[in-house]
Amino acid sequence: MKRTKKELKRTIVALAKKHGTPLFLISKGLLLEQVEKFRSLLPGVKPYYAVKANSHPYILKCLAEHGTGFDVASIQEIKMVFDLGVTADRMIFANTVKRPEALKFAAQHGVRLMTFDSEYELHKIAKYAPGSKVLIRIKVPNVGSIVELSLKFGAEPADAIPFLIKAYQLKLKPAGVSFHVGSQSTNIENYLASLEMASIIFNDAKLKQLPLEILDIGGGFPIRYFDHDKEFFAPMAVYIRKEIKRLFSPDVAVIAEPGRAIVGPSCLLVMQVVGKSIRGNKHWYYLDDGVYGSLSGIIYDHAKYQYRTFRRGITQITTLAGPTCDSLDIISVSEDMPELEIGDLLYCENIGAYSWTTATNFNGIPPAEVIPIP
Ligand SMILES: *Cc1c(COP(=O)(O)O)cnc(C)c1O
């Protein structure tokens, strides 16, 4: 739900008063808006939400009711999705390295679609989840992406055909190609190059009598974090759509695994100034959440957020730090902010992805309380 600045302030102040801080607000309206945005920008591409981006049960429930699929990576994630009544055919097991127990569990419960990027994994799948439908994940350019997944995942494209043939020989169902351009990929070239590479594999596979039916374009779709960011995704989607149409036959099923683009804009973190000091001629403010909590994306996701306050006035370069006793727990050393006082509220939007899920209990400080809002 779009809110004016005034409405947002009223909501934040009221909730902070009622529940205390820090608070992690999940807006169902914004979440479903992102799903609709994805569907309208890439019509015909079926989204399988990447559960790892934020596995809060409320988020999964809203998405399940809204009909998305799910990209799951572990027994626990599969169970969480099953618990919402979602059927196995709405899941893709997209972790390329799966525990044998997890493969057995997937097979027992009917999760048939999965990715792989090595021959060892194929043998494991054939042994523990025989007959599965497999997608080869290829290594693709991740140029300029904030999180480079090709550092760890993806087979050489030249190995794709031999691997798919191997899958066939192992009595698996070689079904298609998947890739991930890296997370928060603002560089359209990554998608264009990947689609081209995938289409070459589709054509070769056809010549080898192994017709493929599923193209999985992964995640990575970027969101806006700052007021000065432009809209990245919409203009990229135009090219992605065009290239899919140009390179693939209309009977290829195209799926995607968006995480950040679905959940990122739907959550907001409310914090409070709990300490203040002047160090080296600079104001330092200590907040009640930090990099060991909902701002853990600063470490794990290389994330940068826009911090907002309700105070007005002359600004100065300040440092924001978290509440723990570790010096790693510094949020930012270069925020341009008016002078704040202890008890002031700060908030940060677009913090839904790779944030709450990676929060810890370090120093005995629990993760922010989660509050669903409309
Ligand atoms: C993390 C991940 C995603 C989601 O990536 P986003 O950049 O958040 O869209 C999708 N697929 C796989 C296999 C992943 O590991």
# chains A, B, ... in the order shown; residues from 1 in each chain; ligands from 1
$ closest_atom_pairs --of "chain A" --to "ligand 1" --cutoff "6 Å" --atoms "only C-alpha atoms and all ligand atoms" --output "CSV"
residue,atom,partner,partner_atom_place_in_ligand_line,distance
A:Ala50,CA,ligand 1,4 (C),5.0
A:Ala53,CA,ligand 1,8 (O),5.7
A:Ala94,CA,ligand 1,13 (C),4.9
A:Asn95,CA,ligand 1,13 (C),5.7
A:Ser183,CA,ligand 1,7 (O),3.4
A:Gln184,CA,ligand 1,7 (O),5.5
A:Gly218,CA,ligand 1,11 (N),5.0
A:Gly219,CA,ligand 1,9 (O),3.4
A:Gly220,CA,ligand 1,7 (O),3.2
A:Phe221,CA,ligand 1,9 (O),5.4
A:Glu257,CA,ligand 1,10 (C),4.5
A:Pro258,CA,ligand 1,9 (O),3.8
A:Gly259,CA,ligand 1,8 (O),3.5
A:Arg260,CA,ligand 1,8 (O),3.8
A:Ala261,CA,ligand 1,9 (O),5.9
$ select_by_dssp --residues "region 110-341 of chain A" --states "strand (DSSP E)" --output "PyMOL selection string"
chain A and resi 113-116+133-137+173-178+214-216+253-256+267-279+282-287+307-309+315-321+330-338
$ select_by_dssp --residues "region 204-316 of chain A" --states "alpha helix (DSSP H)" --output "compact mmCIF listing (two decimals) with all heavy atoms, in the first residue's frame"
# COMPACT_ATOMS: atom_id res chain seq x y z
N ASP A 204 21.39 -26.90 -29.30
CA ASP A 204 22.26 -28.08 -29.36
C ASP A 204 21.54 -29.31 -28.82
O ASP A 204 21.66 -30.40 -29.38
CB ASP A 204 23.53 -27.87 -28.51
CG ASP A 204 24.54 -26.99 -29.21
OD1 ASP A 204 24.27 -26.58 -30.36
OD2 ASP A 204 25.60 -26.71 -28.61
N ALA A 205 20.80 -29.12 -27.73
CA ALA A 205 20.11 -30.25 -27.11
C ALA A 205 19.08 -30.84 -28.09
O ALA A 205 18.91 -32.06 -28.17
CB ALA A 205 19.44 -29.81 -25.81
N LYS A 206 18.44 -29.96 -28.82
CA LYS A 206 17.43 -30.41 -29.79
C LYS A 206 18.11 -31.29 -30.86
O LYS A 206 17.59 -32.35 -31.21
CB LYS A 206 16.80 -29.18 -30.44
CG LYS A 206 15.46 -29.44 -31.05
CD LYS A 206 14.83 -28.12 -31.43
CE LYS A 206 13.44 -28.30 -31.96
NZ LYS A 206 12.87 -26.97 -32.33
N LEU A 207 19.28 -30.83 -31.33
CA LEU A 207 20.02 -31.61 -32.33
C LEU A 207 20.44 -32.97 -31.77
O LEU A 207 20.56 -33.94 -32.50
CB LEU A 207 21.28 -30.85 -32.78
CG LEU A 207 21.04 -29.54 -33.54
CD1 LEU A 207 22.35 -28.83 -33.82
CD2 LEU A 207 20.29 -29.81 -34.85
N PHE A 233 14.63 -2.06 -12.89
CA PHE A 233 14.03 -3.32 -13.35
C PHE A 233 13.15 -3.14 -14.59
O PHE A 233 13.29 -3.88 -15.57
CB PHE A 233 13.26 -3.94 -12.18
CG PHE A 233 12.66 -5.30 -12.43
CD1 PHE A 233 13.07 -6.09 -13.49
CD2 PHE A 233 11.67 -5.79 -11.57
CE1 PHE A 233 12.51 -7.34 -13.71
CE2 PHE A 233 11.11 -7.04 -11.78
CZ PHE A 233 11.52 -7.82 -12.84
N ALA A 234 12.27 -2.10 -14.56
CA ALA A 234 11.30 -1.96 -15.65
C ALA A 234 11.99 -1.85 -17.03
O ALA A 234 11.62 -2.58 -17.95
CB ALA A 234 10.38 -0.78 -15.38
N PRO A 235 12.99 -0.96 -17.18
CA PRO A 235 13.63 -0.90 -18.50
C PRO A 235 14.37 -2.18 -18.88
O PRO A 235 14.41 -2.57 -20.06
CB PRO A 235 14.61 0.27 -18.40
CG PRO A 235 14.66 0.67 -16.97
CD PRO A 235 13.48 0.09 -16.26
N MET A 236 14.94 -2.88 -17.88
CA MET A 236 15.63 -4.14 -18.19
C MET A 236 14.63 -5.19 -18.67
O MET A 236 14.93 -5.98 -19.57
CB MET A 236 16.33 -4.68 -16.93
CG MET A 236 17.55 -3.89 -16.52
SD MET A 236 18.11 -4.34 -14.86
CE MET A 236 18.79 -5.95 -15.18
N ALA A 237 13.46 -5.19 -18.04
CA ALA A 237 12.46 -6.21 -18.35
C ALA A 237 12.05 -6.16 -19.82
O ALA A 237 11.76 -7.19 -20.43
CB ALA A 237 11.25 -6.05 -17.44
N VAL A 238 12.05 -4.96 -20.39
CA VAL A 238 11.67 -4.82 -21.81
C VAL A 238 12.61 -5.65 -22.68
O VAL A 238 12.18 -6.40 -23.56
CB VAL A 238 11.74 -3.33 -22.23
CG1 VAL A 238 11.46 -3.18 -23.72
CG2 VAL A 238 10.78 -2.50 -21.38
N TYR A 239 13.92 -5.54 -22.38
CA TYR A 239 14.92 -6.29 -23.17
C TYR A 239 14.85 -7.79 -22.89
O TYR A 239 15.00 -8.61 -23.80
CB TYR A 239 16.33 -5.78 -22.86
CG TYR A 239 16.59 -4.40 -23.41
CD1 TYR A 239 16.53 -3.28 -22.60
CD2 TYR A 239 16.88 -4.24 -24.77
CE1 TYR A 239 16.75 -2.02 -23.11
CE2 TYR A 239 17.11 -2.98 -25.29
CZ TYR A 239 17.05 -1.87 -24.46
OH TYR A 239 17.27 -0.63 -24.98
N ILE A 240 14.64 -8.13 -21.63
CA ILE A 240 14.58 -9.56 -21.28
C ILE A 240 13.41 -10.22 -22.02
O ILE A 240 13.56 -11.28 -22.63
CB ILE A 240 14.42 -9.74 -19.74
CG1 ILE A 240 15.66 -9.22 -19.02
CG2 ILE A 240 14.15 -11.19 -19.39
CD1 ILE A 240 15.55 -9.18 -17.49
N ARG A 241 12.27 -9.52 -22.01
CA ARG A 241 11.08 -10.03 -22.71
C ARG A 241 11.35 -10.23 -24.19
O ARG A 241 11.04 -11.27 -24.77
CB ARG A 241 9.99 -8.98 -22.56
CG ARG A 241 8.75 -9.49 -21.95
CD ARG A 241 7.77 -8.44 -21.50
NE ARG A 241 7.70 -7.20 -22.23
CZ ARG A 241 7.51 -6.02 -21.62
NH1 ARG A 241 7.41 -5.95 -20.31
NH2 ARG A 241 7.44 -4.91 -22.33
N LYS A 242 11.96 -9.23 -24.81
CA LYS A 242 12.25 -9.28 -26.24
C LYS A 242 13.17 -10.43 -26.59
O LYS A 242 12.95 -11.15 -27.56
CB LYS A 242 12.96 -7.97 -26.65
CG LYS A 242 12.08 -7.00 -27.41
CD LYS A 242 12.94 -5.92 -28.03
CE LYS A 242 12.20 -4.61 -27.99
NZ LYS A 242 13.05 -3.43 -28.05
N GLU A 243 14.22 -10.60 -25.76
CA GLU A 243 15.20 -11.64 -26.06
C GLU A 243 14.60 -13.03 -25.87
O GLU A 243 14.90 -13.94 -26.64
CB GLU A 243 16.43 -11.49 -25.14
CG GLU A 243 17.38 -10.40 -25.58
CD GLU A 243 17.91 -10.63 -26.99
OE1 GLU A 243 18.92 -11.35 -27.15
OE2 GLU A 243 17.30 -10.08 -27.94
N ILE A 244 13.76 -13.19 -24.85
CA ILE A 244 13.13 -14.51 -24.66
C ILE A 244 12.29 -14.84 -25.89
O ILE A 244 12.33 -15.95 -26.41
CB ILE A 244 12.27 -14.52 -23.37
CG1 ILE A 244 13.17 -14.44 -22.14
CG2 ILE A 244 11.39 -15.77 -23.31
CD1 ILE A 244 12.43 -14.33 -20.81
N LYS A 245 11.57 -13.85 -26.37
CA LYS A 245 10.71 -14.05 -27.54
C LYS A 245 11.53 -14.40 -28.78
O LYS A 245 11.15 -15.26 -29.57
CB LYS A 245 9.90 -12.78 -27.76
CG LYS A 245 8.66 -13.01 -28.57
CD LYS A 245 7.71 -11.85 -28.45
CE LYS A 245 6.64 -11.99 -29.51
NZ LYS A 245 5.99 -10.74 -29.83
N ARG A 246 12.67 -13.71 -28.92
CA ARG A 246 13.50 -13.89 -30.10
C ARG A 246 14.21 -15.25 -30.09
O ARG A 246 14.36 -15.90 -31.12
CB ARG A 246 14.54 -12.76 -30.16
CG ARG A 246 15.45 -12.80 -31.38
CD ARG A 246 16.37 -11.60 -31.43
NE ARG A 246 17.46 -11.64 -30.46
CZ ARG A 246 18.64 -12.20 -30.68
NH1 ARG A 246 18.89 -12.80 -31.84
NH2 ARG A 246 19.57 -12.19 -29.75
N LEU A 247 14.65 -15.68 -28.90
CA LEU A 247 15.56 -16.83 -28.83
C LEU A 247 14.88 -18.17 -28.52
O LEU A 247 15.47 -19.21 -28.75
CB LEU A 247 16.64 -16.58 -27.77
CG LEU A 247 17.60 -15.43 -28.05
CD1 LEU A 247 18.41 -15.09 -26.80
CD2 LEU A 247 18.53 -15.78 -29.20
N ARG A 260 14.96 -10.85 -3.87
CA ARG A 260 15.04 -9.44 -3.50
C ARG A 260 13.93 -8.60 -4.13
O ARG A 260 13.30 -7.78 -3.45
CB ARG A 260 16.40 -8.89 -3.96
CG ARG A 260 16.69 -7.46 -3.54
CD ARG A 260 17.95 -6.94 -4.24
NE ARG A 260 19.09 -7.82 -4.08
CZ ARG A 260 19.90 -7.81 -3.02
NH1 ARG A 260 19.70 -6.96 -2.05
NH2 ARG A 260 20.92 -8.65 -2.94
N ALA A 261 13.67 -8.81 -5.42
CA ALA A 261 12.70 -7.95 -6.12
C ALA A 261 11.28 -8.13 -5.57
O ALA A 261 10.46 -7.23 -5.68
CB ALA A 261 12.72 -8.25 -7.62
N ILE A 262 11.00 -9.29 -4.97
CA ILE A 262 9.68 -9.51 -4.39
C ILE A 262 9.60 -8.96 -2.97
O ILE A 262 8.69 -8.22 -2.62
CB ILE A 262 9.34 -11.02 -4.37
CG1 ILE A 262 9.35 -11.61 -5.78
CG2 ILE A 262 8.01 -11.28 -3.67
CD1 ILE A 262 8.28 -11.13 -6.71
N VAL A 263 10.61 -9.31 -2.16
CA VAL A 263 10.47 -9.03 -0.72
C VAL A 263 11.16 -7.73 -0.28
O VAL A 263 10.77 -7.13 0.73
CB VAL A 263 10.96 -10.24 0.10
CG1 VAL A 263 12.48 -10.25 0.25
CG2 VAL A 263 10.30 -10.29 1.45
N GLY A 297 22.45 -7.47 6.55
CA GLY A 297 22.70 -7.40 5.11
C GLY A 297 23.90 -6.52 4.77
O GLY A 297 24.51 -6.68 3.70
N ILE A 298 24.24 -5.60 5.68
CA ILE A 298 25.43 -4.77 5.44
C ILE A 298 26.65 -5.68 5.30
O ILE A 298 27.52 -5.45 4.47
CB ILE A 298 25.61 -3.76 6.59
CG1 ILE A 298 24.47 -2.74 6.57
CG2 ILE A 298 26.97 -3.07 6.52
CD1 ILE A 298 24.45 -1.80 7.78
N ILE A 299 26.68 -6.74 6.13
CA ILE A 299 27.80 -7.69 6.07
C ILE A 299 27.58 -8.75 4.98
O ILE A 299 28.39 -8.90 4.09
CB ILE A 299 27.96 -8.43 7.42
CG1 ILE A 299 28.02 -7.44 8.58
CG2 ILE A 299 29.16 -9.39 7.39
CD1 ILE A 299 29.27 -6.62 8.68
N TYR A 300 26.46 -9.48 5.07
CA TYR A 300 26.28 -10.65 4.21
C TYR A 300 25.83 -10.31 2.80
O TYR A 300 26.06 -11.06 1.87
CB TYR A 300 25.24 -11.60 4.82
CG TYR A 300 25.67 -12.20 6.12
CD1 TYR A 300 24.94 -11.98 7.28
CD2 TYR A 300 26.79 -13.01 6.20
CE1 TYR A 300 25.32 -12.54 8.49
CE2 TYR A 300 27.18 -13.56 7.40
CZ TYR A 300 26.44 -13.33 8.54
OH TYR A 300 26.82 -13.88 9.73
$ closest_residue --among "A:Cys267, A:Ala256, A:Ala158, A:Ala16" --to "Pro374 (chain A)" --atoms "only C-alpha atoms"
A:Cys267
$ decode --residues "region 105-155 of chain A" --atoms "C-alpha atoms" --output "PDB file, in the first residue's frame"
ATOM      1  CA  PHE A 105      12.934 -35.977   1.456  1.00  0.00           C
ATOM      2  CA  ALA A 106      12.211 -34.156  -1.808  1.00  0.00           C
ATOM      3  CA  ALA A 107      11.665 -37.444  -3.634  1.00  0.00           C
ATOM      4  CA  GLN A 108       9.351 -38.805  -0.906  1.00  0.00           C
ATOM      5  CA  HIS A 109       7.249 -35.656  -0.975  1.00  0.00           C
ATOM      6  CA  GLY A 110       7.052 -35.187  -4.722  1.00  0.00           C
ATOM      7  CA  VAL A 111       9.417 -32.238  -5.276  1.00  0.00           C
ATOM      8  CA  ARG A 112      10.634 -33.292  -8.711  1.00  0.00           C
ATOM      9  CA  LEU A 113      12.203 -30.208 -10.253  1.00  0.00           C
ATOM     10  CA  MET A 114      15.791 -29.377  -9.285  1.00  0.00           C
ATOM     11  CA  THR A 115      18.998 -27.802 -10.515  1.00  0.00           C
ATOM     12  CA  PHE A 116      22.552 -29.164 -10.660  1.00  0.00           C
ATOM     13  CA  ASP A 117      25.929 -27.949 -11.855  1.00  0.00           C
ATOM     14  CA  SER A 118      28.232 -30.951 -11.592  1.00  0.00           C
ATOM     15  CA  GLU A 119      28.334 -34.591 -12.563  1.00  0.00           C
ATOM     16  CA  TYR A 120      28.754 -35.602  -8.895  1.00  0.00           C
ATOM     17  CA  GLU A 121      25.448 -33.964  -8.078  1.00  0.00           C
ATOM     18  CA  LEU A 122      23.776 -35.852 -10.944  1.00  0.00           C
ATOM     19  CA  HIS A 123      24.908 -39.175  -9.493  1.00  0.00           C
ATOM     20  CA  LYS A 124      23.600 -38.118  -6.095  1.00  0.00           C
ATOM     21  CA  ILE A 125      20.242 -37.089  -7.547  1.00  0.00           C
ATOM     22  CA  ALA A 126      19.974 -40.346  -9.520  1.00  0.00           C
ATOM     23  CA  LYS A 127      20.658 -42.315  -6.331  1.00  0.00           C
ATOM     24  CA  TYR A 128      18.435 -40.475  -3.836  1.00  0.00           C
ATOM     25  CA  ALA A 129      15.771 -38.861  -6.014  1.00  0.00           C
ATOM     26  CA  PRO A 130      15.624 -41.108  -9.096  1.00  0.00           C
ATOM     27  CA  GLY A 131      13.690 -39.865 -12.100  1.00  0.00           C
ATOM     28  CA  SER A 132      13.859 -36.184 -11.084  1.00  0.00           C
ATOM     29  CA  LYS A 133      13.519 -33.399 -13.628  1.00  0.00           C
ATOM     30  CA  VAL A 134      16.844 -31.601 -13.746  1.00  0.00           C
ATOM     31  CA  LEU A 135      17.952 -28.196 -14.999  1.00  0.00           C
ATOM     32  CA  ILE A 136      21.616 -27.552 -15.685  1.00  0.00           C
ATOM     33  CA  ARG A 137      22.745 -24.366 -13.981  1.00  0.00           C
ATOM     34  CA  ILE A 138      25.340 -22.664 -16.105  1.00  0.00           C
ATOM     35  CA  LYS A 139      27.966 -20.130 -15.115  1.00  0.00           C
ATOM     36  CA  VAL A 140      27.091 -16.740 -16.550  1.00  0.00           C
ATOM     37  CA  PRO A 141      28.512 -13.202 -16.366  1.00  0.00           C
ATOM     38  CA  ASN A 142      27.719 -11.465 -13.024  1.00  0.00           C
ATOM     39  CA  VAL A 143      29.374  -8.174 -14.016  1.00  0.00           C
ATOM     40  CA  GLY A 144      28.402  -5.345 -11.673  1.00  0.00           C
ATOM     41  CA  SER A 145      26.056  -7.443  -9.524  1.00  0.00           C
ATOM     42  CA  ILE A 146      26.251  -6.704  -5.809  1.00  0.00           C
ATOM     43  CA  VAL A 147      26.435 -10.399  -4.890  1.00  0.00           C
ATOM     44  CA  GLU A 148      28.394 -12.465  -7.441  1.00  0.00           C
ATOM     45  CA  LEU A 149      26.945 -15.967  -7.391  1.00  0.00           C
ATOM     46  CA  SER A 150      29.049 -17.223 -10.286  1.00  0.00           C
ATOM     47  CA  LEU A 151      32.014 -17.272  -7.884  1.00  0.00           C
ATOM     48  CA  LYS A 152      30.507 -20.404  -6.373  1.00  0.00           C
ATOM     49  CA  PHE A 153      27.920 -21.857  -8.770  1.00  0.00           C
ATOM     50  CA  GLY A 154      27.395 -22.849 -12.361  1.00  0.00           C
ATOM     51  CA  ALA A 155      28.818 -25.386 -14.798  1.00  0.00           C
TER      52      ALA A 155
END
